[in-house]
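Below: one structure, written as structure tokens.
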Amino acid sequence: MIVVDNLYKYYGERRAVGPLSFSIDKGEVVGLLGLNGAGKTTALRVLACDLLPSAGSVRVDGIDVVDQPHEVRRCIGYLPDSPPLYGDMSVREFLVFVARLRGLSTKESILRATEAEKVTSLSEVALEPIYSLSHGYKQRVGIAQALVHRPKLLLLDEPILGLDPVQIVEMRNLLRSLRGDFTIVLSSHNLKEISETCDRLLVIRDGTISASGTEAELSENLLRGVRIACTVRGSRGRIKDAVGTVEGVTLQFETPEAEDTSSEDAQLHTLQVVADRDVRPDLVRALVAADIDVFALGQGGGELESVFLQLAGEGDVPATKPAAGTTAQTENEGTPGGASKASTEPDKADTDKADTDKEES
């Protein structure tokens with residue numbers, strides 16, 4: 001669905017993104033994870049044909065974003081970090097308006113607006129003016145406008161930004177409900193939410209991909225093992241013996257040993273088990289077979305945070321431009337489509353137009 005090859009984007013002398021290469025299959029939900037300023041928004045804006053790349057190639061559904069930007073825009077829905085809403089319009093009026101801008105007939109626009117309201121749970125406020133809605137509902141309207149024309153690809157920039165805990169749960173459930181119907185790329189620096197929502201993570205650091213994979217894959221590769229946290233009740237000796245029957249694991253007690261060993265069987269213990277694979281089923285069976293009570297079991301706390309800090313933390317990455325001879329897509333207002341392809345470095349003068357290089361429509 002998406003193929004990005006050696007993408008660069010410069011604002012004058014400053015490299016915002018690059019070199020950036022990745023691919024996303026149809027139906028995937030992929031998260032761009034990184035610190036503020038890592039290049040997440042710039043990458044999404046290039047995918048959305050809102051910015052022209054300085055070099056490299058980007059294809060969406062087989063269509064080049066520079067050669068055929070209008071065709072790309074037809075198959076994407078885009079939610080920027082600040083939803084583009086008209087406060088004086090009602091929710092339905094706005095969605096019909098957006099659908100009409102997408103080229104749909106009035107009748108079809110009304111049908112699609114009603115459908116988008118149902119998908120995003122906006123039916124109850126469909127006739128309310130947008131300015132009167134809470135921030136969470138405005139985010140829902142932003143997602144509704146992105147999918148009202150039934151695009152193949154949804155690009156969502158920080159969809160949970162500024163939401164309270166209840167709204168975050170609602171937004172997470174909404175994004176999960178869209179799984180399978182759309183290919184979704186979303187950006188966030190909220191570690192927990194992006195991990196629970198996405199099939200795969202692309203960790204961006206200083207404009208480049210520092211790692212990709214599921215949380216478990218990143219943890220296993222970087223932390224050298226899968227970490228499992230357990231809360232159990234029983235004696236330390238029986239717990240050690242039970243865990244020892246599971247092959248390839250190491251055990252660490254996080255609770256201190258009881259001074260009164262006569263009541264040790266009644267003591268709760270918090271364990272950290274490290275293995276070369278996910279051994280949770282084997283671990284539960286071993287503990288239960290040893291008559292040890294299991295109160296909680298899951299992936300080790302702070303696992304994604306540890307990965308994130310190592311992959312996306314502060315660091316010095318040279319911001320060098322592509323070498324001479326690299327195929328570049330330089331911005332050129334005199335060329336149809338707003339860009340031309342040349343085997344040269346990006347033109348510094350052209351890339352100074354950071355916020356004015358949208359293609360004229």
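Ordered as shown in the structure tokens, chains take letters A, B, and onward, while each chain numbers its residues from 1 and ligands are numbered from 1 in the order shown.
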Quick one: which segment 163-210 of chain A residues come within 6 Å of segment 13-36 of chain A, and what is the nearest atom pair for each with the distance in Å to one decimal, counting only C-alpha atoms, rows ordered by chain and ascending number, as JSON lines?
```
{"residue": "A:Gly180", "atom": "CA", "partner": "A:Gly27", "partner_atom": "CA", "distance": 5.2}
{"residue": "A:Phe182", "atom": "CA", "partner": "A:Gly27", "partner_atom": "CA", "distance": 5.6}
{"residue": "A:Thr183", "atom": "CA", "partner": "A:Gly27", "partner_atom": "CA", "distance": 4.3}
{"residue": "A:Ile184", "atom": "CA", "partner": "A:Val29", "partner_atom": "CA", "distance": 4.7}
{"residue": "A:Val185", "atom": "CA", "partner": "A:Val30", "partner_atom": "CA", "distance": 4.9}
{"residue": "A:Leu186", "atom": "CA", "partner": "A:Gly31", "partner_atom": "CA", "distance": 5.0}
{"residue": "A:Ser187", "atom": "CA", "partner": "A:Leu32", "partner_atom": "CA", "distance": 4.5}
{"residue": "A:Ser188", "atom": "CA", "partner": "A:Leu33", "partner_atom": "CA", "distance": 5.5}
{"residue": "A:His189", "atom": "CA", "partner": "A:Gly34", "partner_atom": "CA", "distance": 5.6}
{"residue": "A:Cys198", "atom": "CA", "partner": "A:Val29", "partner_atom": "CA", "distance": 5.0}
{"residue": "A:Asp199", "atom": "CA", "partner": "A:Val29", "partner_atom": "CA", "distance": 5.3}
{"residue": "A:Arg200", "atom": "CA", "partner": "A:Val30", "partner_atom": "CA", "distance": 5.0}
{"residue": "A:Leu201", "atom": "CA", "partner": "A:Gly31", "partner_atom": "CA", "distance": 4.8}
{"residue": "A:Leu202", "atom": "CA", "partner": "A:Leu32", "partner_atom": "CA", "distance": 5.0}
{"residue": "A:Val203", "atom": "CA", "partner": "A:Leu33", "partner_atom": "CA", "distance": 4.8}
{"residue": "A:Ile204", "atom": "CA", "partner": "A:Gly34", "partner_atom": "CA", "distance": 5.1}
{"residue": "A:Gly207", "atom": "CA", "partner": "A:Val17", "partner_atom": "CA", "distance": 3.9}
{"residue": "A:Thr208", "atom": "CA", "partner": "A:Leu20", "partner_atom": "CA", "distance": 5.2}
```
Write to file, as a PDB file, in the first residue's frame, the residues of the selection just made, with C-alpha atoms.
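The file below, out-v9.pdb, is the result:
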```
ATOM      1  CA  GLY A 180      -9.396  -4.227   8.491  1.00  0.00           C
ATOM      2  CA  PHE A 182      -8.619   0.750   6.154  1.00  0.00           C
ATOM      3  CA  THR A 183      -4.853   0.836   6.082  1.00  0.00           C
ATOM      4  CA  ILE A 184      -4.004   3.179   8.960  1.00  0.00           C
ATOM      5  CA  VAL A 185      -0.831   5.100   9.728  1.00  0.00           C
ATOM      6  CA  LEU A 186      -0.896   7.120  12.939  1.00  0.00           C
ATOM      7  CA  SER A 187       1.735   9.061  14.810  1.00  0.00           C
ATOM      8  CA  SER A 188       2.115   9.462  18.543  1.00  0.00           C
ATOM      9  CA  HIS A 189       4.589   9.754  21.383  1.00  0.00           C
ATOM     10  CA  CYS A 198      -1.030  -0.722  16.241  1.00  0.00           C
ATOM     11  CA  ASP A 199       0.051  -3.970  14.588  1.00  0.00           C
ATOM     12  CA  ARG A 200       3.566  -2.652  14.063  1.00  0.00           C
ATOM     13  CA  LEU A 201       5.712   0.268  15.178  1.00  0.00           C
ATOM     14  CA  LEU A 202       8.155   2.373  13.173  1.00  0.00           C
ATOM     15  CA  VAL A 203      10.432   4.184  15.616  1.00  0.00           C
ATOM     16  CA  ILE A 204      11.669   7.479  14.162  1.00  0.00           C
ATOM     17  CA  GLY A 207      14.228  11.747  10.741  1.00  0.00           C
ATOM     18  CA  THR A 208      15.258   8.128  10.206  1.00  0.00           C
TER      19      THR A 208
END
```
- Atom pair atom CA of Pro53 of chain A + atom CA of Leu85 of chain A, distance 26.7 Å
- Item | Spatial neighbours of Gln272 of chain A, 9 Å, only C-alpha atoms, chain gap at least 6 places, as JSON, numbers by chain | {"A": [227, 228, 229, 230, 250, 251, 252, 253, 254, 300]}
For the selection you just gave me, I'd like the residues written to a file as a compact mmCIF listing (two decimals), in the first residue's frame, keeping N, CA and C atoms.
```
# COMPACT_ATOMS: atom_id res chain seq x y z
N ARG A 227 10.36 -10.10 28.74
CA ARG A 227 10.19 -9.94 30.18
C ARG A 227 8.74 -10.15 30.57
N ILE A 228 8.54 -10.96 31.58
CA ILE A 228 7.19 -11.30 32.06
C ILE A 228 7.12 -10.96 33.54
N ALA A 229 6.10 -10.20 33.91
CA ALA A 229 5.88 -9.84 35.31
C ALA A 229 4.79 -10.71 35.90
N CYS A 230 5.01 -11.24 37.09
CA CYS A 230 4.05 -12.11 37.76
C CYS A 230 3.84 -11.67 39.20
N THR A 250 15.09 -17.13 33.29
CA THR A 250 15.76 -16.71 34.51
C THR A 250 14.75 -15.98 35.37
N LEU A 251 14.89 -16.10 36.70
CA LEU A 251 13.91 -15.58 37.64
C LEU A 251 14.54 -14.55 38.57
N GLN A 252 13.81 -13.48 38.79
CA GLN A 252 14.25 -12.46 39.74
C GLN A 252 13.07 -12.07 40.63
N PHE A 253 13.26 -12.17 41.95
CA PHE A 253 12.23 -11.73 42.89
C PHE A 253 12.36 -10.23 43.11
N GLU A 254 11.24 -9.51 43.00
CA GLU A 254 11.26 -8.07 43.23
C GLU A 254 10.77 -7.70 44.62
N GLY A 300 6.44 -7.50 31.11
CA GLY A 300 7.11 -6.72 32.15
C GLY A 300 6.82 -5.24 32.03
```
- Task: Using DSSP on the backbone coordinates, identify all residues within segment 13-103 of chain A classified as strand (DSSP E or B); present the result as a PyMOL selection string.
- Result: chain A and resi 14-24+29-33+55-60+63-64+76-79+90
File dump, residues just selected, C-alpha atoms, as an mmCIF file, in the first residue's frame:
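Resulting contents of selection.cif:
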```cif
data_model
loop_
_atom_site.group_PDB
_atom_site.id
_atom_site.type_symbol
_atom_site.label_atom_id
_atom_site.label_comp_id
_atom_site.auth_asym_id
_atom_site.auth_seq_id
_atom_site.Cartn_x
_atom_site.Cartn_y
_atom_site.Cartn_z
ATOM 1 C CA ARG A 14 17.881 21.700 8.125
ATOM 2 C CA ARG A 15 17.100 18.053 7.463
ATOM 3 C CA ALA A 16 13.661 17.227 8.853
ATOM 4 C CA VAL A 17 13.461 13.693 7.447
ATOM 5 C CA GLY A 18 15.873 11.331 5.772
ATOM 6 C CA PRO A 19 17.035 8.906 4.799
ATOM 7 C CA LEU A 20 13.642 7.271 5.378
ATOM 8 C CA SER A 21 12.636 3.949 3.834
ATOM 9 C CA PHE A 22 9.769 1.648 4.789
ATOM 10 C CA SER A 23 6.772 -0.187 3.368
ATOM 11 C CA ILE A 24 3.276 -0.795 4.741
ATOM 12 C CA VAL A 29 -2.307 -0.436 11.389
ATOM 13 C CA VAL A 30 1.161 1.080 11.770
ATOM 14 C CA GLY A 31 2.323 3.595 14.335
ATOM 15 C CA LEU A 32 5.040 6.202 13.861
ATOM 16 C CA LEU A 33 6.618 6.505 17.288
ATOM 17 C CA ALA A 55 14.619 13.625 -2.591
ATOM 18 C CA GLY A 56 13.617 9.981 -2.821
ATOM 19 C CA SER A 57 10.342 8.408 -3.890
ATOM 20 C CA VAL A 58 7.009 7.795 -2.205
ATOM 21 C CA ARG A 59 4.255 5.640 -3.684
ATOM 22 C CA VAL A 60 0.764 5.178 -2.266
ATOM 23 C CA ILE A 63 0.889 5.957 -7.369
ATOM 24 C CA ASP A 64 3.793 8.394 -7.102
ATOM 25 C CA ILE A 76 -6.282 8.910 1.364
ATOM 26 C CA GLY A 77 -7.981 10.506 4.345
ATOM 27 C CA TYR A 78 -5.837 12.832 6.431
ATOM 28 C CA LEU A 79 -6.233 14.113 9.986
ATOM 29 C CA SER A 90 -23.038 21.405 12.410
#
```
- Task: Give me the residues within 10 Å of Ile292 of chain A as a list in words, counting only C-alpha atoms and dropping any in the same chain fewer than 3 places off.
- Result: Val232, Arg233, Gly234, Ser235, Arg238, Ile239, Ala242, Asp265, Val284, Ala286, Leu287, Val288, Ala289 and Phe295 of chain A
- Message: Among segment 60-182 of chain A, which residues does DSSP mark as helix (DSSP H, G or I) when it is run on the backbone? Keep the chain and numbering as in the structure and answer as a ChimeraX atom specification.
- Response: /A:69-74,91-101,106-119,123-125,130-132,135-147,165-177
Please, could you write that set of residues out with C-alpha atoms as an mmCIF file, in the first residue's frame?
```cif
data_model
loop_
_atom_site.group_PDB
_atom_site.id
_atom_site.type_symbol
_atom_site.label_atom_id
_atom_site.label_comp_id
_atom_site.auth_asym_id
_atom_site.auth_seq_id
_atom_site.Cartn_x
_atom_site.Cartn_y
_atom_site.Cartn_z
ATOM 1 C CA PRO A 69 -0.685 13.911 -6.328
ATOM 2 C CA HIS A 70 -4.379 14.361 -7.152
ATOM 3 C CA GLU A 71 -4.774 10.619 -7.646
ATOM 4 C CA VAL A 72 -3.037 9.957 -4.324
ATOM 5 C CA ARG A 73 -5.300 12.416 -2.509
ATOM 6 C CA ARG A 74 -8.367 10.558 -3.765
ATOM 7 C CA VAL A 91 -21.266 18.052 12.327
ATOM 8 C CA ARG A 92 -23.442 16.804 9.485
ATOM 9 C CA GLU A 93 -23.154 20.001 7.456
ATOM 10 C CA PHE A 94 -19.393 19.840 7.746
ATOM 11 C CA LEU A 95 -19.161 16.170 6.740
ATOM 12 C CA VAL A 96 -21.463 16.735 3.745
ATOM 13 C CA PHE A 97 -19.335 19.744 2.804
ATOM 14 C CA VAL A 98 -16.132 17.687 2.945
ATOM 15 C CA ALA A 99 -17.732 14.874 0.912
ATOM 16 C CA ARG A 100 -18.795 17.385 -1.748
ATOM 17 C CA LEU A 101 -15.224 18.699 -1.860
ATOM 18 C CA THR A 106 -25.160 15.755 -2.820
ATOM 19 C CA LYS A 107 -27.199 12.582 -2.300
ATOM 20 C CA GLU A 108 -24.099 10.420 -1.922
ATOM 21 C CA SER A 109 -22.492 12.989 0.371
ATOM 22 C CA ILE A 110 -25.449 12.847 2.786
ATOM 23 C CA LEU A 111 -25.314 9.041 2.826
ATOM 24 C CA ARG A 112 -21.557 9.013 3.435
ATOM 25 C CA ALA A 113 -21.816 11.677 6.155
ATOM 26 C CA THR A 114 -24.446 9.636 7.993
ATOM 27 C CA GLU A 115 -22.287 6.534 7.641
ATOM 28 C CA ALA A 116 -19.204 8.361 8.992
ATOM 29 C CA GLU A 117 -21.240 9.633 11.951
ATOM 30 C CA LYS A 118 -22.216 6.075 12.880
ATOM 31 C CA VAL A 119 -18.675 4.751 12.540
ATOM 32 C CA SER A 123 -24.910 10.448 15.491
ATOM 33 C CA GLU A 124 -26.132 11.970 18.762
ATOM 34 C CA VAL A 125 -24.370 15.275 18.068
ATOM 35 C CA ILE A 130 -18.907 21.959 16.029
ATOM 36 C CA TYR A 131 -17.758 24.853 18.244
ATOM 37 C CA SER A 132 -19.967 23.513 21.069
ATOM 38 C CA HIS A 135 -12.141 18.307 22.374
ATOM 39 C CA GLY A 136 -12.724 14.546 22.207
ATOM 40 C CA TYR A 137 -15.750 14.928 19.954
ATOM 41 C CA LYS A 138 -13.881 17.381 17.746
ATOM 42 C CA GLN A 139 -11.191 14.739 17.289
ATOM 43 C CA ARG A 140 -13.930 12.301 16.273
ATOM 44 C CA VAL A 141 -15.221 14.814 13.719
ATOM 45 C CA GLY A 142 -11.659 15.109 12.408
ATOM 46 C CA ILE A 143 -11.493 11.350 11.891
ATOM 47 C CA ALA A 144 -14.986 11.334 10.341
ATOM 48 C CA GLN A 145 -13.942 13.914 7.739
ATOM 49 C CA ALA A 146 -10.896 11.806 6.943
ATOM 50 C CA LEU A 147 -12.949 8.675 6.186
ATOM 51 C CA PRO A 165 -8.203 9.189 30.011
ATOM 52 C CA VAL A 166 -11.838 8.338 29.190
ATOM 53 C CA GLN A 167 -11.567 9.918 25.736
ATOM 54 C CA ILE A 168 -8.311 8.050 25.102
ATOM 55 C CA VAL A 169 -10.043 4.724 25.750
ATOM 56 C CA GLU A 170 -12.903 5.734 23.449
ATOM 57 C CA MET A 171 -10.468 6.803 20.714
ATOM 58 C CA ARG A 172 -8.518 3.557 21.086
ATOM 59 C CA ASN A 173 -11.728 1.551 20.645
ATOM 60 C CA LEU A 174 -12.660 3.658 17.614
ATOM 61 C CA LEU A 175 -9.306 3.064 15.936
ATOM 62 C CA ARG A 176 -9.551 -0.653 16.642
ATOM 63 C CA SER A 177 -13.015 -0.721 15.042
#
```
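Near Asp81 of chain A, within a cut-off of 10 Å and counting only C-alpha atoms, sit the residues Thr41, Gln139, Gly142, Leu156, Asp157, Glu158, Pro159, Ile160, Leu161 and Ser187 of chain A, with same-chain residues fewer than 6 positions away left out.
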For those residues, write N, CA and C atoms to a file as a compact mmCIF listing (two decimals), in the first residue's frame.
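Everything below was put into selection-v2.txt:
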```
# COMPACT_ATOMS: atom_id res chain seq x y z
N THR A 41 5.44 14.11 11.81
CA THR A 41 4.46 14.93 11.10
C THR A 41 4.91 15.22 9.68
N GLN A 139 -12.12 15.70 17.88
CA GLN A 139 -11.19 14.74 17.29
C GLN A 139 -11.95 13.68 16.49
N GLY A 142 -12.84 15.10 13.27
CA GLY A 142 -11.66 15.11 12.41
C GLY A 142 -11.43 13.77 11.74
N LEU A 156 -3.33 9.62 10.34
CA LEU A 156 -3.80 10.30 11.54
C LEU A 156 -2.61 10.81 12.35
N ASP A 157 -2.50 12.12 12.46
CA ASP A 157 -1.38 12.73 13.18
C ASP A 157 -1.81 13.05 14.61
N GLU A 158 -1.27 12.31 15.57
CA GLU A 158 -1.55 12.51 16.99
C GLU A 158 -3.06 12.52 17.28
N PRO A 159 -3.78 11.45 16.93
CA PRO A 159 -5.24 11.46 17.12
C PRO A 159 -5.68 11.50 18.57
N ILE A 160 -4.80 11.15 19.52
CA ILE A 160 -5.19 11.17 20.94
C ILE A 160 -4.61 12.36 21.68
N LEU A 161 -4.04 13.31 20.94
CA LEU A 161 -3.42 14.47 21.57
C LEU A 161 -4.45 15.29 22.33
N SER A 187 0.53 8.65 14.09
CA SER A 187 1.73 9.06 14.81
C SER A 187 1.38 9.36 16.25
```
- Query: Which one of A:Asp164, A:Glu217, A:Asp276, A:Asp88 sits closest to Glu247 of chain A if you count only C-alpha atoms?
  - Reply: A:Asp276
- Check the smallest atom-to-atom distance from each of A:Asp50, A:His149, A:Ala38, A:Asn190 to Leu163 of chain A using only C-alpha atoms, then report the winner.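 For Leu163 of chain A, the nearest of the given residues is A:Asn190.
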- Message: What's the separation between atom CA of Tyr11 of chain A and atom CA of Ile209 of chain A, in Å to one decimal place?
- Response: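 Separating atom CA of Tyr11 of chain A from atom CA of Ile209 of chain A is a distance of 19.2 Å.
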